[in-house]
$ cat structure29.tsv   # TSV, C-alpha atoms and all ligand atoms
chain	number	residue	atom	x	y	z
A	102	MET	CA	63.31	141.67	-104.90
A	103	THR	CA	66.78	140.26	-105.06
A	104	THR	CA	67.01	136.51	-104.83
A	105	SER	CA	69.99	134.85	-103.29
A	106	THR	CA	71.80	134.36	-106.60
A	107	GLY	CA	72.18	138.13	-107.01
A	108	THR	CA	69.54	138.54	-109.75
A	109	SER	CA	66.23	140.34	-109.38
A	110	THR	CA	64.47	137.76	-111.55
A	111	LEU	CA	62.03	135.29	-110.07
A	112	LEU	CA	63.15	131.72	-110.91
A	113	PRO	CA	66.66	132.73	-112.07
A	114	THR	CA	68.13	129.99	-114.26
A	115	ALA	CA	71.64	128.56	-113.88
A	116	THR	CA	73.38	125.38	-114.96
A	117	VAL	CA	75.17	123.19	-112.44
A	118	GLY	CA	78.45	124.01	-114.15
A	119	SER	CA	80.20	122.11	-116.89
A	120	LEU	CA	79.31	122.48	-120.56
A	121	PRO	CA	80.78	120.67	-123.59
A	122	LYS	CA	84.09	121.98	-124.84
A	123	PRO	CA	84.59	122.91	-128.51
A	124	SER	CA	86.23	120.10	-130.51
A	125	TRP	CA	89.26	122.26	-131.30
A	126	LEU	CA	89.99	122.50	-127.55
A	127	ALA	CA	89.38	118.91	-126.40
A	128	GLU	CA	87.91	115.74	-127.82
A	129	PRO	CA	84.12	116.05	-127.52
A	130	GLU	CA	81.69	113.77	-125.67
A	131	ILE	CA	84.20	112.23	-123.30
A	132	LEU	CA	85.04	113.15	-119.74
A	133	TRP	CA	88.60	114.07	-118.86
A	134	ALA	CA	89.49	114.54	-122.55
A	135	PRO	CA	93.09	115.59	-123.15
A	136	TRP	CA	93.67	119.08	-124.54
A	137	ASN	CA	94.13	119.45	-128.29
A	138	LEU	CA	96.35	122.52	-127.85
A	139	GLU	CA	99.42	123.34	-125.81
A	140	GLY	CA	101.40	126.26	-124.42
A	141	ALA	CA	100.20	129.76	-125.30
A	142	ALA	CA	97.70	128.37	-127.82
A	143	LEU	CA	96.07	126.35	-125.02
A	144	VAL	CA	95.75	129.42	-122.79
A	145	GLU	CA	94.17	131.37	-125.63
A	146	GLY	CA	92.00	128.43	-126.64
A	147	LYS	CA	90.59	128.02	-123.12
A	148	GLN	CA	89.73	131.73	-123.01
A	149	ASP	CA	88.06	131.59	-126.42
A	150	ALA	CA	86.02	128.56	-125.32
A	151	LEU	CA	85.03	130.40	-122.15
A	152	ARG	CA	83.93	133.40	-124.26
A	153	ALA	CA	81.85	131.07	-126.43
A	154	VAL	CA	80.01	129.44	-123.51
A	155	VAL	CA	79.34	132.81	-121.90
A	156	HIS	CA	77.93	134.09	-125.18
A	157	GLU	CA	75.75	130.99	-125.59
A	158	GLN	CA	74.39	131.18	-122.04
A	159	GLU	CA	73.57	134.88	-122.40
A	160	ARG	CA	72.05	134.45	-125.85
A	161	ARG	CA	69.81	131.64	-124.60
A	162	GLY	CA	68.79	133.66	-121.56
A	163	LEU	CA	70.52	132.08	-118.53
A	164	ASP	CA	70.33	134.49	-115.59
A	165	VAL	CA	73.41	133.22	-113.77
A	166	VAL	CA	76.41	132.48	-115.96
A	167	THR	CA	79.24	129.97	-115.40
A	168	ASP	CA	82.56	129.28	-117.09
A	169	GLY	CA	81.22	125.92	-118.28
A	170	GLU	CA	84.44	124.52	-116.75
A	171	GLN	CA	86.20	125.25	-120.05
A	172	THR	CA	89.58	125.70	-118.36
A	173	ARG	CA	89.65	122.38	-116.49
A	174	ARG	CA	89.89	118.78	-117.55
A	175	HIS	CA	88.18	117.34	-114.48
A	176	PHE	CA	86.10	118.91	-111.72
A	177	VAL	CA	88.19	117.44	-108.89
A	178	THR	CA	91.58	116.54	-110.31
A	179	THR	CA	92.35	119.87	-111.95
A	180	PHE	CA	92.04	121.57	-108.57
A	181	ILE	CA	94.23	118.95	-106.87
A	182	GLU	CA	96.89	119.24	-109.59
A	183	HIS	CA	97.58	122.76	-108.39
A	184	LEU	CA	98.26	121.72	-104.78
A	185	SER	CA	101.50	120.51	-103.27
A	186	GLY	CA	101.61	117.33	-101.21
A	187	VAL	CA	100.01	115.19	-103.93
A	188	ASP	CA	102.16	113.05	-106.20
A	189	PHE	CA	100.54	112.42	-109.59
A	190	GLU	CA	103.26	109.93	-110.59
A	191	GLN	CA	102.56	107.62	-107.62
A	192	ARG	CA	99.21	106.13	-108.50
A	193	GLU	CA	97.07	103.64	-106.65
A	194	THR	CA	93.86	101.95	-107.66
A	195	VAL	CA	91.06	102.78	-105.26
A	196	ARG	CA	87.31	102.40	-105.25
A	197	ILE	CA	85.72	105.79	-105.96
A	198	ARG	CA	82.27	106.74	-104.55
A	199	ASP	CA	82.12	103.07	-103.46
A	200	ARG	CA	81.26	102.38	-107.10
A	201	TYR	CA	84.14	102.00	-109.53
A	202	ASP	CA	87.92	101.46	-109.42
A	203	ALA	CA	90.15	104.25	-110.66
A	204	SER	CA	93.86	104.95	-110.72
A	205	VAL	CA	94.35	108.01	-108.54
A	206	PRO	CA	97.27	110.16	-107.33
A	207	THR	CA	98.76	109.76	-103.84
A	208	VAL	CA	98.88	112.20	-100.95
A	209	VAL	CA	102.54	112.04	-99.88
A	210	GLY	CA	102.87	115.08	-97.60
A	211	ALA	CA	101.02	118.04	-96.12
A	212	VAL	CA	98.61	119.43	-98.73
A	213	THR	CA	98.92	123.17	-99.36
A	214	ARG	CA	97.80	125.70	-101.95
A	215	GLU	CA	100.90	127.67	-102.86
A	216	GLN	CA	99.09	129.84	-105.39
A	217	PRO	CA	95.53	130.56	-106.50
A	218	VAL	CA	94.05	127.84	-108.72
A	219	PHE	CA	91.08	129.32	-110.60
A	220	VAL	CA	91.21	132.98	-109.58
A	221	ASP	CA	92.61	134.30	-112.88
A	222	ASP	CA	90.03	132.27	-114.81
A	223	ALA	CA	87.26	133.65	-112.62
A	224	ARG	CA	88.52	137.18	-113.15
A	225	PHE	CA	88.43	136.54	-116.90
A	226	LEU	CA	84.85	135.23	-116.65
A	227	ARG	CA	83.96	138.35	-114.63
A	228	SER	CA	85.30	140.54	-117.45
A	229	GLN	CA	83.14	138.75	-120.02
A	230	THR	CA	79.65	139.26	-118.56
A	231	ASP	CA	77.63	141.70	-116.48
A	232	ARG	CA	75.36	138.92	-115.20
A	233	PRO	CA	75.88	137.24	-111.82
A	234	ILE	CA	78.51	134.51	-112.09
A	235	LYS	CA	78.81	131.18	-110.31
A	236	TRP	CA	82.02	129.22	-109.85
A	237	ALA	CA	82.23	125.53	-108.90
A	238	LEU	CA	84.88	124.01	-106.66
A	239	PRO	CA	85.11	120.37	-105.57
A	240	GLY	CA	83.86	119.68	-102.04
A	241	PRO	CA	86.30	118.40	-99.39
A	242	MET	CA	84.79	114.91	-99.11
A	243	THR	CA	84.71	114.38	-102.86
A	244	MET	CA	88.37	115.46	-103.07
A	245	VAL	CA	89.33	112.94	-100.37
A	246	ASP	CA	87.42	110.24	-102.24
A	247	THR	CA	89.44	110.87	-105.40
A	248	LEU	CA	92.88	110.21	-103.87
A	249	TYR	CA	95.01	107.60	-102.14
A	250	ASP	CA	96.23	108.99	-98.80
A	251	ARG	CA	99.64	107.80	-97.60
A	252	HIS	CA	100.25	110.84	-95.34
A	253	TYR	CA	97.28	111.72	-93.10
A	254	ARG	CA	95.77	108.22	-93.15
A	255	SER	CA	92.48	109.76	-92.08
A	256	ARG	CA	89.74	110.86	-94.46
A	257	GLU	CA	88.48	113.34	-91.90
A	258	LYS	CA	91.89	114.98	-91.35
A	259	LEU	CA	92.55	115.23	-95.07
A	260	ALA	CA	89.07	116.69	-95.66
A	261	TRP	CA	89.75	119.32	-93.01
A	262	GLU	CA	93.00	120.32	-94.74
A	263	PHE	CA	91.22	120.54	-98.09
A	264	ALA	CA	88.41	122.60	-96.54
A	265	THR	CA	90.96	125.13	-95.30
A	266	ILE	CA	92.52	125.30	-98.78
A	267	LEU	CA	89.10	125.61	-100.45
A	268	ASN	CA	88.21	128.46	-98.10
A	269	GLN	CA	91.37	130.35	-99.16
A	270	GLU	CA	90.49	129.83	-102.82
A	271	ALA	CA	86.83	130.77	-102.29
A	272	ARG	CA	87.75	134.04	-100.56
A	273	GLU	CA	89.88	135.00	-103.55
A	274	LEU	CA	87.15	133.99	-106.01
A	275	GLU	CA	84.78	136.22	-104.06
A	276	ALA	CA	87.27	139.11	-104.29
A	277	ALA	CA	87.49	138.47	-108.06
A	278	GLY	CA	83.76	139.17	-108.32
A	279	VAL	CA	82.19	135.70	-108.14
A	280	ASP	CA	78.60	135.96	-106.87
A	281	VAL	CA	77.93	132.31	-106.08
A	282	ILE	CA	80.56	129.76	-105.02
A	283	GLN	CA	79.42	126.17	-105.41
A	284	PHE	CA	80.97	123.07	-103.86
A	285	ASP	CA	80.40	119.81	-105.72
A	286	GLU	CA	79.85	116.97	-103.24
A	287	PRO	CA	78.53	113.90	-105.10
A	288	ALA	CA	80.19	111.87	-102.29
A	289	PHE	CA	77.46	113.15	-99.95
A	290	ASN	CA	75.03	110.78	-101.68
A	291	VAL	CA	77.21	107.77	-100.85
A	292	PHE	CA	78.97	108.08	-97.48
A	293	HIS	CA	76.08	108.97	-95.19
A	294	ASP	CA	77.86	108.24	-91.89
A	295	GLU	CA	80.83	110.40	-92.86
A	296	VAL	CA	78.51	113.20	-93.99
A	297	ARG	CA	77.05	113.20	-90.49
A	298	ASP	CA	80.35	112.75	-88.63
A	299	TRP	CA	82.51	115.31	-90.46
A	300	GLY	CA	81.33	115.96	-94.04
A	301	VAL	CA	79.00	118.87	-93.34
A	302	ALA	CA	81.46	120.30	-90.78
A	303	ALA	CA	84.22	120.28	-93.43
A	304	LEU	CA	81.87	122.00	-95.87
A	305	GLU	CA	81.09	124.63	-93.22
A	306	ARG	CA	84.85	125.18	-92.84
A	307	ALA	CA	85.12	125.71	-96.63
A	308	VAL	CA	82.40	128.41	-96.66
A	309	GLU	CA	83.51	130.14	-93.43
A	310	GLY	CA	83.43	133.95	-93.58
A	311	LEU	CA	82.28	134.18	-97.20
A	312	ARG	CA	79.98	137.04	-98.19
A	313	ALA	CA	79.33	135.52	-101.63
A	314	GLN	CA	76.38	133.14	-101.80
A	315	THR	CA	77.42	129.55	-101.22
A	316	ALA	CA	75.98	126.41	-102.77
A	317	VAL	CA	76.43	122.68	-102.41
A	318	HIS	CA	75.69	120.45	-105.39
A	319	ILE	CA	74.89	116.82	-104.61
A	320	CYS	CA	73.98	114.53	-107.46
A	321	TYR	CA	73.98	111.02	-108.89
A	322	GLY	CA	76.75	111.92	-111.33
A	323	TYR	CA	77.26	112.32	-115.02
A	324	GLY	CA	75.47	109.95	-117.36
A	325	ILE	CA	78.45	107.57	-117.60
A	326	LYS	CA	78.11	103.77	-117.42
A	327	ALA	CA	79.43	103.29	-113.85
A	328	ASN	CA	76.92	105.83	-112.58
A	329	ASN	CA	74.04	104.45	-114.62
A	330	ASP	CA	74.79	100.93	-113.35
A	331	TRP	CA	74.84	102.22	-109.76
A	332	LYS	CA	71.55	104.07	-110.25
A	333	ALA	CA	69.97	100.83	-111.45
A	334	THR	CA	70.65	99.34	-107.98
A	335	LEU	CA	69.03	102.16	-106.02
A	336	GLY	CA	65.45	100.98	-106.34
A	337	PRO	CA	62.33	102.87	-107.37
A	338	GLU	CA	62.78	105.71	-104.86
A	339	TRP	CA	66.11	107.47	-104.41
A	340	ARG	CA	66.14	108.74	-100.85
A	341	GLN	CA	69.89	109.43	-100.42
A	342	TYR	CA	69.24	113.15	-99.88
A	343	GLU	CA	67.25	112.25	-96.78
A	344	HIS	CA	70.56	111.80	-94.92
A	345	SER	CA	72.32	115.05	-95.83
A	346	PHE	CA	69.43	117.51	-96.21
A	347	PRO	CA	68.47	117.88	-92.52
A	348	LEU	CA	72.15	118.58	-91.73
A	349	LEU	CA	72.43	121.09	-94.57
A	350	GLN	CA	69.20	122.76	-93.50
A	351	ARG	CA	70.92	123.64	-90.22
A	352	SER	CA	74.17	124.66	-91.93
A	353	SER	CA	75.25	128.11	-93.14
A	354	VAL	CA	75.29	127.04	-96.81
A	355	ASP	CA	72.79	129.20	-98.73
A	356	ILE	CA	71.85	127.05	-101.73
A	357	VAL	CA	71.29	123.30	-102.11
A	358	SER	CA	71.50	121.88	-105.65
A	359	LEU	CA	69.87	118.54	-106.41
A	360	GLU	CA	68.63	116.31	-109.22
A	361	GLY	CA	64.93	116.55	-109.90
A	362	HIS	CA	64.21	115.52	-113.45
A	363	HIS	CA	63.91	111.89	-114.61
A	364	SER	CA	65.67	110.72	-111.48
A	365	HIS	CA	63.79	108.73	-108.89
A	366	VAL	CA	64.20	111.41	-106.27
A	367	PRO	CA	60.89	112.05	-104.45
A	368	LEU	CA	60.54	115.84	-104.65
A	369	ASP	CA	59.05	116.01	-101.16
A	370	LEU	CA	62.62	115.54	-99.84
A	371	ILE	CA	63.09	119.23	-100.76
A	372	GLU	CA	60.97	120.02	-97.71
A	373	LEU	CA	63.97	118.88	-95.61
A	374	VAL	CA	65.93	121.99	-96.64
A	375	ARG	CA	63.04	124.42	-96.12
A	376	GLY	CA	64.45	127.94	-95.79
A	377	LYS	CA	67.36	127.31	-98.16
A	378	THR	CA	67.45	128.33	-101.80
A	379	VAL	CA	66.96	125.23	-103.92
A	380	MET	CA	68.74	124.80	-107.24
A	381	LEU	CA	66.57	122.12	-108.78
A	382	GLY	CA	67.63	119.99	-111.73
A	383	ALA	CA	64.81	120.16	-114.25
A	384	VAL	CA	66.97	118.98	-117.14
A	385	ASP	CA	68.34	115.42	-117.40
A	386	VAL	CA	72.04	115.24	-118.24
A	387	ALA	CA	72.10	111.46	-118.78
A	388	SER	CA	69.88	111.61	-121.87
A	389	GLU	CA	70.34	113.29	-125.22
A	390	ASP	CA	66.58	113.82	-125.52
A	391	VAL	CA	65.94	117.52	-125.16
A	392	GLU	CA	63.21	118.35	-122.66
A	393	THR	CA	60.24	120.41	-123.79
A	394	PRO	CA	59.62	123.69	-121.94
A	395	GLU	CA	56.43	122.08	-120.56
A	396	GLU	CA	58.39	119.17	-119.08
A	397	VAL	CA	60.82	121.57	-117.41
A	398	ALA	CA	57.95	123.70	-116.08
A	399	ASP	CA	56.18	120.59	-114.78
A	400	THR	CA	59.18	119.47	-112.70
A	401	LEU	CA	59.60	122.98	-111.30
A	402	ARG	CA	55.88	123.34	-110.60
A	403	ARG	CA	55.80	120.10	-108.60
A	404	ALA	CA	58.69	121.38	-106.46
A	405	LEU	CA	56.74	124.50	-105.50
A	406	ALA	CA	54.83	122.42	-102.94
A	407	PHE	CA	58.11	122.16	-101.00
A	408	VAL	CA	60.02	125.38	-101.73
A	409	ASP	CA	58.89	129.00	-101.98
A	410	ALA	CA	59.00	130.38	-105.53
A	411	ASP	CA	61.45	133.12	-104.55
A	412	ARG	CA	63.86	130.44	-103.37
A	413	LEU	CA	63.77	128.24	-106.46
A	414	VAL	CA	66.58	128.30	-109.04
A	415	PRO	CA	65.76	126.22	-112.15
A	416	SER	CA	68.84	124.24	-113.15
A	417	THR	CA	70.26	121.07	-114.68
A	418	ASN	CA	70.61	117.75	-112.82
A	419	CYS	CA	74.41	117.88	-113.12
A	420	GLY	CA	77.07	119.11	-115.53
A	421	MET	CA	76.57	118.71	-119.29
A	422	ALA	CA	80.23	118.24	-120.32
A	423	PRO	CA	79.82	114.78	-121.93
A	424	LEU	CA	76.83	115.75	-124.11
A	425	PRO	CA	77.06	116.80	-127.76
A	426	ARG	CA	77.34	120.58	-127.89
A	427	SER	CA	74.13	121.05	-129.87
A	428	VAL	CA	72.17	118.96	-127.34
A	429	ALA	CA	73.56	120.88	-124.36
A	430	ASP	CA	72.74	124.19	-126.04
A	431	ALA	CA	69.19	123.06	-126.79
A	432	LYS	CA	68.81	121.97	-123.15
A	433	LEU	CA	69.87	125.46	-122.05
A	434	SER	CA	67.05	126.92	-124.15
A	435	ALA	CA	64.55	124.37	-122.78
A	436	LEU	CA	65.53	125.28	-119.21
A	437	VAL	CA	65.07	128.99	-119.85
A	438	ALA	CA	61.76	128.49	-121.70
A	439	GLY	CA	60.41	126.17	-118.98
A	440	ALA	CA	61.27	128.68	-116.25
A	441	ALA	CA	59.59	131.43	-118.29
A	442	LEU	CA	56.40	129.36	-118.58
A	443	LEU	CA	56.18	128.91	-114.83
A	444	ARG	CA	57.06	132.57	-114.21
A	445	GLU	CA	54.10	133.60	-116.40
A	446	GLU	CA	51.81	131.23	-114.51
A	447	LEU	CA	52.90	132.64	-111.17
A	448	ALA	CA	52.44	136.22	-112.40
A	449	ALA	CA	48.91	135.41	-113.54
A	450	ARG	CA	47.89	134.00	-110.15
A	501	ZN	ZN	76.65	116.63	-110.43
$ encode --input "structure29.tsv" --output "C-alpha cells" --more "lines below"
Ligand SMILES: [Zn+2]
Amino acid sequence: MTTSTGTSTLLPTATVGSLPKPSWLAEPEILWAPWNLEGAALVEGKQDALRAVVHEQERRGLDVVTDGEQTRRHFVTTFIEHLSGVDFEQRETVRIRDRYDASVPTVVGAVTREQPVFVDDARFLRSQTDRPIKWALPGPMTMVDTLYDRHYRSREKLAWEFATILNQEARELEAAGVDVIQFDEPAFNVFHDEVRDWGVAALERAVEGLRAQTAVHICYGYGIKANNDWKATLGPEWRQYEHSFPLLQRSSVDIVSLEGHHSHVPLDLIELVRGKTVMLGAVDVASEDVETPEEVADTLRRALAFVDADRLVPSTNCGMAPLPRSVADAKLSALVAGAALLREELAAR
C-alpha cells in the first residue's frame, strides 16, 4: 500500500517543516535570526545545515524528510524577498493575524516571480536523500497578511496574484522531485470570512494542475509570546478549524495538517475533513518538555476515531525552529517511537 505521502509505511512520520539551525549558521532559539555567515560561506553553510538536518531526520527514522527550512530566515518573508513589486525599504506597521503589530514591507507594483525561489534548494535536498521529501511554501492569505498593500488595495486580488506565483513555484518544485508540497496558512485560523469568500479558492489556484501531493498546514503558530497570549483568549475549546475544514474537505488539497497535542483542539473536528489525509500534530512545539512515545501514541490513537489509519501522518504541531536543537531532535525521536507503538498495536489487532 502506498499512502499519499509516497511512502509504503503505515503512519508515515513527517515534521511540519522548520527545525533549529546550527549556531554557526544563525543565532539559535530566535525566529528570524540574522545569518552568521555571508557570501559563498553562507551558501555553503546553508547546504551543510541542510545536510545535517536530513541526516538527523533519517537517523531518527522520519519517513518523509524536509529541509528544516535551513535556507530561509522566515517562512513567509524569504519567499516574498525574491519577488518583484514589493519594496522592503518602504515599511509600514500593520496588525498581523489580527494579533500583533509588525513592521512589514510594502507592495508598490504588480507582484511577479522573475526567477525560481526555492527550486535549487529543493533539488539539493532531493540529492541528499532517497526518502520522500516535503517542501513548505507560504499560503496566499498568509502572504497577504504579512504585507502592506499600496498597489492592489484588495487582499483578495493580491492573494490571487500570489496564488498564481506559488503555482509556478510549486510546479518547478514538483519537477525537481518534491513529493509533497505544503502551503502554510496560519491565517486560516483567524480570518474565517475571508477563508470562505476567497481563501480556499486562492489555495486551489496555488495547487492547480500539480501531480505532487499537496498539503495545507493550519496552526496556532510558534510558541512565541504573542501567539501564547492569543491562545489564552481562545477559551477551553479551540474550534477555529470548524470554519475551514468543511471547505477544505471539498477542495482538491490532499493533506490537511493541524495541531493535535496539548492544544485545546477537539479531535472530533478531524471528522470534518473525512477522506483527506490528516497530518496530525502529536508533538507540542511551544514546550521544551519532550513527549514520551506513549503520549505521542495516545494523541494519534484518539484521532483514529475520526480518520482512517492509512490516512494518518503523525507530525508536529508546527515548526520547531525556535527550540533548542537537542530538544527538537529528541522530539523527532519521540514522534517516530510513538508512531511505531501505534503501528505495532494496529498490526496486532
Ligand atoms: Zn504552524
$ residues_near_ligand --input "structure29.tsv" --ligand "ligand ZN 501 (chain A)" --cutoff "9 Å" --atoms "all atoms listed in the file" --output "PDB file with C-alpha atoms, in the frame of the given file"
ATOM      1  CA  VAL A 117      75.170 123.190-112.440  1.00  0.00           C
ATOM      2  CA  GLY A 118      78.450 124.010-114.150  1.00  0.00           C
ATOM      3  CA  ASP A 285      80.400 119.810-105.720  1.00  0.00           C
ATOM      4  CA  GLU A 286      79.850 116.970-103.240  1.00  0.00           C
ATOM      5  CA  PRO A 287      78.530 113.900-105.100  1.00  0.00           C
ATOM      6  CA  HIS A 318      75.690 120.450-105.390  1.00  0.00           C
ATOM      7  CA  ILE A 319      74.890 116.820-104.610  1.00  0.00           C
ATOM      8  CA  CYS A 320      73.980 114.530-107.460  1.00  0.00           C
ATOM      9  CA  TYR A 321      73.980 111.020-108.890  1.00  0.00           C
ATOM     10  CA  GLY A 322      76.750 111.920-111.330  1.00  0.00           C
ATOM     11  CA  TYR A 323      77.260 112.320-115.020  1.00  0.00           C
ATOM     12  CA  SER A 358      71.500 121.880-105.650  1.00  0.00           C
ATOM     13  CA  LEU A 359      69.870 118.540-106.410  1.00  0.00           C
ATOM     14  CA  GLU A 360      68.630 116.310-109.220  1.00  0.00           C
ATOM     15  CA  THR A 417      70.260 121.070-114.680  1.00  0.00           C
ATOM     16  CA  ASN A 418      70.610 117.750-112.820  1.00  0.00           C
ATOM     17  CA  CYS A 419      74.410 117.880-113.120  1.00  0.00           C
ATOM     18  CA  GLY A 420      77.070 119.110-115.530  1.00  0.00           C
TER      19      GLY A 420
END
$ residues_around --input "structure29.tsv" --residues "segment 431-447 of chain A" --least-positions-apart "6" --cutoff "6 Å" --atoms "only C-alpha atoms" --output "ChimeraX atom specification"
/A:161,391,393-395,397-398
$ residues_around --input "structure29.tsv" --residues "Val301 of chain A" --least-positions-apart "2" --cutoff "12 Å" --atoms "only C-alpha atoms" --output "number ranges by chain"
A: 240-243, 257, 260-261, 264, 284, 286, 288-289, 292-299, 303-308, 317, 344-354
$ residues_near_point --input "structure29.tsv" --point "(74.2, 137.9, -121.3)" --cutoff "12 Å" --atoms "all atoms listed in the file" --output "number ranges by chain"
A: 152-167, 226-227, 229-234
$ closest_residue --input "structure29.tsv" --among "A:Asp250, A:Asp330, A:Asp222, A:Asp409" --to "Val195 of chain A" --atoms "all atoms listed in the file"
A:Asp250
$ closest_residue --input "structure29.tsv" --among "A:Val414, A:Ala141, A:Leu401, A:Leu267" --to "Arg214 of chain A" --atoms "all atoms listed in the file"
A:Leu267
$ closest_residue --input "structure29.tsv" --among "A:Thr378, A:Glu389, A:Arg173, A:Thr116" --to "Pro135 of chain A" --atoms "all atoms listed in the file"
A:Arg173
$ closest_residue --input "structure29.tsv" --among "A:Val386, A:Val209, A:Leu405, A:Ala449" --to "Asp369 of chain A" --atoms "only C-alpha atoms"
A:Leu405
$ closest_residue --input "structure29.tsv" --among "A:Ile282, A:Val208, A:Ala277, A:Ala316" --to "Tyr253 of chain A" --atoms "all atoms listed in the file"
A:Val208
$ residues_around --input "structure29.tsv" --residues "Trp125 of chain A" --least-positions-apart "5" --cutoff "9 Å" --atoms "only C-alpha atoms" --output "MDAnalysis selection string"
chainID A and resid 136:138 146
$ atom_distance --input "structure29.tsv" --atom1 "atom CA of Ala387 of chain A" --atom2 "atom CA of Ala134 of chain A"
18.1 Å
$ closest_residue --input "structure29.tsv" --among "A:Arg272, A:Asp430, A:Asp355, A:Gly324" --to "Asp385 of chain A" --atoms "only C-alpha atoms"
A:Gly324
$ atom_distance --input "structure29.tsv" --atom1 "atom CA of Ala115 of chain A" --atom2 "atom CA of Thr315 of chain A"
14.0 Å
$ residues_around --input "structure29.tsv" --residues "Val205 of chain A" --least-positions-apart "4" --cutoff "9 Å" --atoms "all atoms listed in the file" --output "list of chain:residue names"
A:Phe189, A:Gln191, A:Arg192, A:Glu193, A:Thr194, A:Val195, A:Thr247, A:Leu248, A:Tyr249
$ atom_distance --input "structure29.tsv" --atom1 "atom CA of Ser204 of chain A" --atom2 "atom CA of Glu170 of chain A"
22.5 Å
$ residues_near_point --input "structure29.tsv" --point "(85.0, 127.2, -110.0)" --cutoff "8 Å" --atoms "only C-alpha atoms" --output "number ranges by chain"
A: 168, 170, 219, 223, 235-238, 282-283
